[in-house]
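Participant: Here it is: the structure, laid out below.
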Amino acid sequence: MELRQLEQFIAVAEELSFTRAARRLHVVQSGVSAAIRSLERELGCALFERTSQQVRLTGAGAALLPEARATLHAAQAAQDAVRAAQDTLRGTVNVGAMASVEVVDLPALLGQLHARHPAIDVRLRLATTGSAGLAHALQSGDLDVAFLSLPEHKPAGIDARELATVPLVLVVSAAHPLAQRGEVALADLAGEPFVDFPPGYGNREVVDRAFAAAGVVRRVALEVPDIDMGAALVRHGLGIAFLPAFAVARTPGLHVLDVHGTMLRWSMHLGTSSARRPSSALRALLDLVDLHVLAL
């Protein structure tokens with residue numbers, strides 16, 4: 001069993017496509033297919049169910065996947081140790097983040113990492129399933145580090161450090177009837193259409209928990225994974241929203257209301273796996289994070 005075979009197996013398992021796996025690895029598809037067949041012969045079992053329509057992991061393939069990832073991580077750690085002794089940092093860091101989070105200046109962070117260690121490759125994934133998806137990717141080994149919002153009780157297998165906490169404020173359009181009031185209660189909002197992030201995003205969870213604790217049912221009419229889009233929808237009268245305070249300042253036409261007895265706060269965390277030792281490349285990135293946390 002070779003590391004190359006395991007790398008190709010992981011690529012097919014994650015992409016569920018031999019074509020996409022070959023494209024990701026920059027090799028020909030026939031080479032990937034041959035490597036998987038060779039691995040299956042060596043193990044004496046099928047790792048994938050192949051049809052003309054789809055590729056799926058077998059039970060044996062699902063059992064092999066975490067072990068294959070652990071083996072590649074161990075091999076990477078061995079390479080890192082040698083390279084560190086030679087004062088040359090190399091390797092790959094898989095980074096996850098959300099598209100509209102402004103707690104960390106991610107481009108500046110990655111730019112400084114590249115300037116200091118040009119041999120480190122960064123793979124950036126912007127979440128489509130919010131913090132819940134990023135946490136799952138950390139647990140499975142798809143990501144090495146993620147900027148995400150975690151609940152009060154962080155998921156097993158994740159080390160998290162809070163980077164910043166931001167107040168969430170209730171906003172309505174300047175023309176909304178509630179704009180004439182200085183303060184409301186959560187119960188006053190039961191009939192209002194809300195603009196919010198989809199389930200799985202940290203700020204959505206904060207608001208959902210607050211309404212559940214108050215015994216108030218709310219209606220989320222529009223779900224958008226983008227803070228500025230949410231603010232614009234509110235400004236045009238399509239709903240009301242709890243948004244990070246920093247987003248309100250840059251969006252004209254919004255009115256902020258106090259919510260009686262309620263103060264919502266949303267936190268951004270730096271998450272890594274507690275089950276895997278960080279590589280030298282990952283440690284180099286982690287050392288720079290605090291320099292790029294923004295004052296909001």
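Chain identifiers are assigned as A, B, and so on, following the order in which chains appear in the structure tokens; residues are numbered from 1 within each chain, and ligands are numbered from 1 in order of appearance.
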Please extract the residues of region 60-262 of chain A with a backbone DSSP assignment of helix (DSSP H, G or I) and present them as an mmCIF file with C-alpha atoms, in the first residue's frame.

Facilitator:
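So the final result, stored in selection.cif, reads:
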```
data_model
loop_
_atom_site.group_PDB
_atom_site.id
_atom_site.type_symbol
_atom_site.label_atom_id
_atom_site.label_comp_id
_atom_site.auth_asym_id
_atom_site.auth_seq_id
_atom_site.Cartn_x
_atom_site.Cartn_y
_atom_site.Cartn_z
ATOM 1 C CA ALA A 60 -15.047 -1.266 3.678
ATOM 2 C CA GLY A 61 -14.290 2.032 1.934
ATOM 3 C CA ALA A 62 -15.996 4.027 4.692
ATOM 4 C CA ALA A 63 -13.933 2.139 7.284
ATOM 5 C CA LEU A 64 -10.705 2.838 5.400
ATOM 6 C CA LEU A 65 -11.298 6.582 4.899
ATOM 7 C CA PRO A 66 -10.457 7.884 8.428
ATOM 8 C CA GLU A 67 -7.464 5.537 8.622
ATOM 9 C CA ALA A 68 -6.199 6.719 5.242
ATOM 10 C CA ARG A 69 -6.483 10.332 6.352
ATOM 11 C CA ALA A 70 -4.643 9.571 9.589
ATOM 12 C CA THR A 71 -1.866 7.819 7.655
ATOM 13 C CA LEU A 72 -1.386 10.785 5.320
ATOM 14 C CA HIS A 73 -1.394 13.179 8.288
ATOM 15 C CA ALA A 74 1.315 11.081 9.948
ATOM 16 C CA ALA A 75 3.387 11.070 6.769
ATOM 17 C CA GLN A 76 2.959 14.842 6.477
ATOM 18 C CA ALA A 77 4.122 15.272 10.086
ATOM 19 C CA ALA A 78 7.252 13.265 9.323
ATOM 20 C CA GLN A 79 7.995 15.451 6.301
ATOM 21 C CA ASP A 80 7.364 18.589 8.368
ATOM 22 C CA ALA A 81 9.882 17.459 10.979
ATOM 23 C CA VAL A 82 12.570 17.044 8.337
ATOM 24 C CA ARG A 83 11.768 20.348 6.628
ATOM 25 C CA ALA A 84 11.709 22.209 9.939
ATOM 26 C CA ALA A 85 15.218 20.925 10.599
ATOM 27 C CA LEU A 106 -8.494 36.540 5.849
ATOM 28 C CA PRO A 107 -6.874 37.819 2.612
ATOM 29 C CA ALA A 108 -4.284 39.749 4.629
ATOM 30 C CA LEU A 109 -3.625 36.735 6.862
ATOM 31 C CA LEU A 110 -3.089 34.384 3.945
ATOM 32 C CA GLY A 111 -1.033 37.000 2.134
ATOM 33 C CA GLN A 112 1.335 37.374 5.078
ATOM 34 C CA LEU A 113 1.637 33.594 5.387
ATOM 35 C CA HIS A 114 2.562 33.371 1.704
ATOM 36 C CA ALA A 115 5.084 36.185 2.013
ATOM 37 C CA ARG A 116 6.812 34.468 4.927
ATOM 38 C CA GLY A 130 -22.340 27.410 7.788
ATOM 39 C CA SER A 131 -20.405 26.727 10.953
ATOM 40 C CA ALA A 132 -22.021 23.316 11.352
ATOM 41 C CA GLY A 133 -20.522 22.213 8.031
ATOM 42 C CA LEU A 134 -17.117 23.638 8.923
ATOM 43 C CA ALA A 135 -17.146 21.842 12.285
ATOM 44 C CA HIS A 136 -17.980 18.544 10.574
ATOM 45 C CA ALA A 137 -15.131 19.075 8.087
ATOM 46 C CA LEU A 138 -12.711 19.687 10.974
ATOM 47 C CA GLN A 139 -13.837 16.508 12.693
ATOM 48 C CA SER A 140 -13.517 14.422 9.528
ATOM 49 C CA PRO A 177 -44.166 50.613 11.486
ATOM 50 C CA LEU A 178 -41.900 49.297 14.247
ATOM 51 C CA ALA A 179 -39.400 52.043 13.405
ATOM 52 C CA GLN A 180 -41.645 54.465 15.317
ATOM 53 C CA LEU A 186 -39.527 39.330 21.400
ATOM 54 C CA ALA A 187 -43.250 38.555 21.721
ATOM 55 C CA ASP A 188 -44.009 41.665 19.609
ATOM 56 C CA LEU A 189 -42.087 40.105 16.701
ATOM 57 C CA GLY A 202 -23.854 30.484 14.263
ATOM 58 C CA ASN A 203 -25.812 33.741 14.259
ATOM 59 C CA ARG A 204 -28.973 31.870 13.214
ATOM 60 C CA GLU A 205 -28.513 29.515 16.157
ATOM 61 C CA VAL A 206 -28.137 32.423 18.607
ATOM 62 C CA VAL A 207 -31.413 33.984 17.457
ATOM 63 C CA ASP A 208 -33.270 30.651 17.323
ATOM 64 C CA ARG A 209 -32.220 29.873 20.899
ATOM 65 C CA ALA A 210 -33.407 33.275 22.135
ATOM 66 C CA PHE A 211 -36.869 32.866 20.620
ATOM 67 C CA ALA A 212 -37.161 29.277 21.836
ATOM 68 C CA ALA A 213 -36.220 30.324 25.380
ATOM 69 C CA ALA A 214 -38.898 33.043 25.261
ATOM 70 C CA ILE A 227 -24.703 39.718 5.848
ATOM 71 C CA ASP A 228 -24.808 42.589 3.348
ATOM 72 C CA MET A 229 -27.530 40.884 1.291
ATOM 73 C CA GLY A 230 -29.562 40.404 4.466
ATOM 74 C CA ALA A 231 -29.196 44.061 5.372
ATOM 75 C CA ALA A 232 -30.259 45.130 1.867
ATOM 76 C CA LEU A 233 -33.357 42.924 2.004
ATOM 77 C CA VAL A 234 -34.358 44.537 5.302
ATOM 78 C CA ARG A 235 -33.731 48.012 3.897
ATOM 79 C CA ALA A 245 -23.771 45.692 14.633
ATOM 80 C CA PHE A 246 -20.896 46.340 12.224
ATOM 81 C CA ALA A 247 -23.141 45.580 9.230
ATOM 82 C CA VAL A 248 -25.733 48.151 10.273
ATOM 83 C CA ALA A 249 -23.307 51.061 10.274
#
```

Participant: List the neighbours of region 279-281 of chain A out to 7 Å using only C-alpha atoms; skip same-chain residues closer than 5 positions along the sequence, and give me the result as an NGL selection string.

Facilitator: :A and (77 or 80 or 89-93 or 120)

Participant: Save the residues we just selected, C-alpha atoms, as a compact mmCIF listing (two decimals), in the first residue's frame?

Facilitator:
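Listing of selection_14.txt after writing:
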```txt
# COMPACT_ATOMS: atom_id res chain seq x y z
CA ALA A 77 4.12 15.27 10.09
CA ASP A 80 7.36 18.59 8.37
CA LEU A 89 8.48 25.22 5.78
CA ARG A 90 6.42 23.32 3.22
CA GLY A 91 3.09 21.60 3.24
CA THR A 92 -0.59 22.25 2.69
CA VAL A 93 -3.09 23.93 4.99
CA ILE A 120 3.19 26.50 1.95
```

Participant: Using only C-alpha atoms, which of the listed residues (A:Glu162, A:Glu14, A:Asp258, A:Asp142) sits closest to Leu270 (chain A)?

Facilitator: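 Counting only C-alpha atoms, the residue closest to Leu270 (chain A) is A:Glu162.
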
Participant: Quick one: residues within 12 Å of Gln29 (chain A), only C-alpha atoms counted, chain neighbours fewer than 6 positions away excluded, as JSON, numbers by chain?

Facilitator: {"A": [8, 11, 12, 17, 18, 19, 20, 21, 22, 23, 35, 36]}

Participant: Run DSSP on the backbone and give me the residues of region 9-237 of chain A it puts in strand (DSSP E), as number ranges by chain.

Facilitator: A: 48-50, 55-57, 91-97, 120-126, 145-148, 158-173, 183-184, 193-196, 219-223
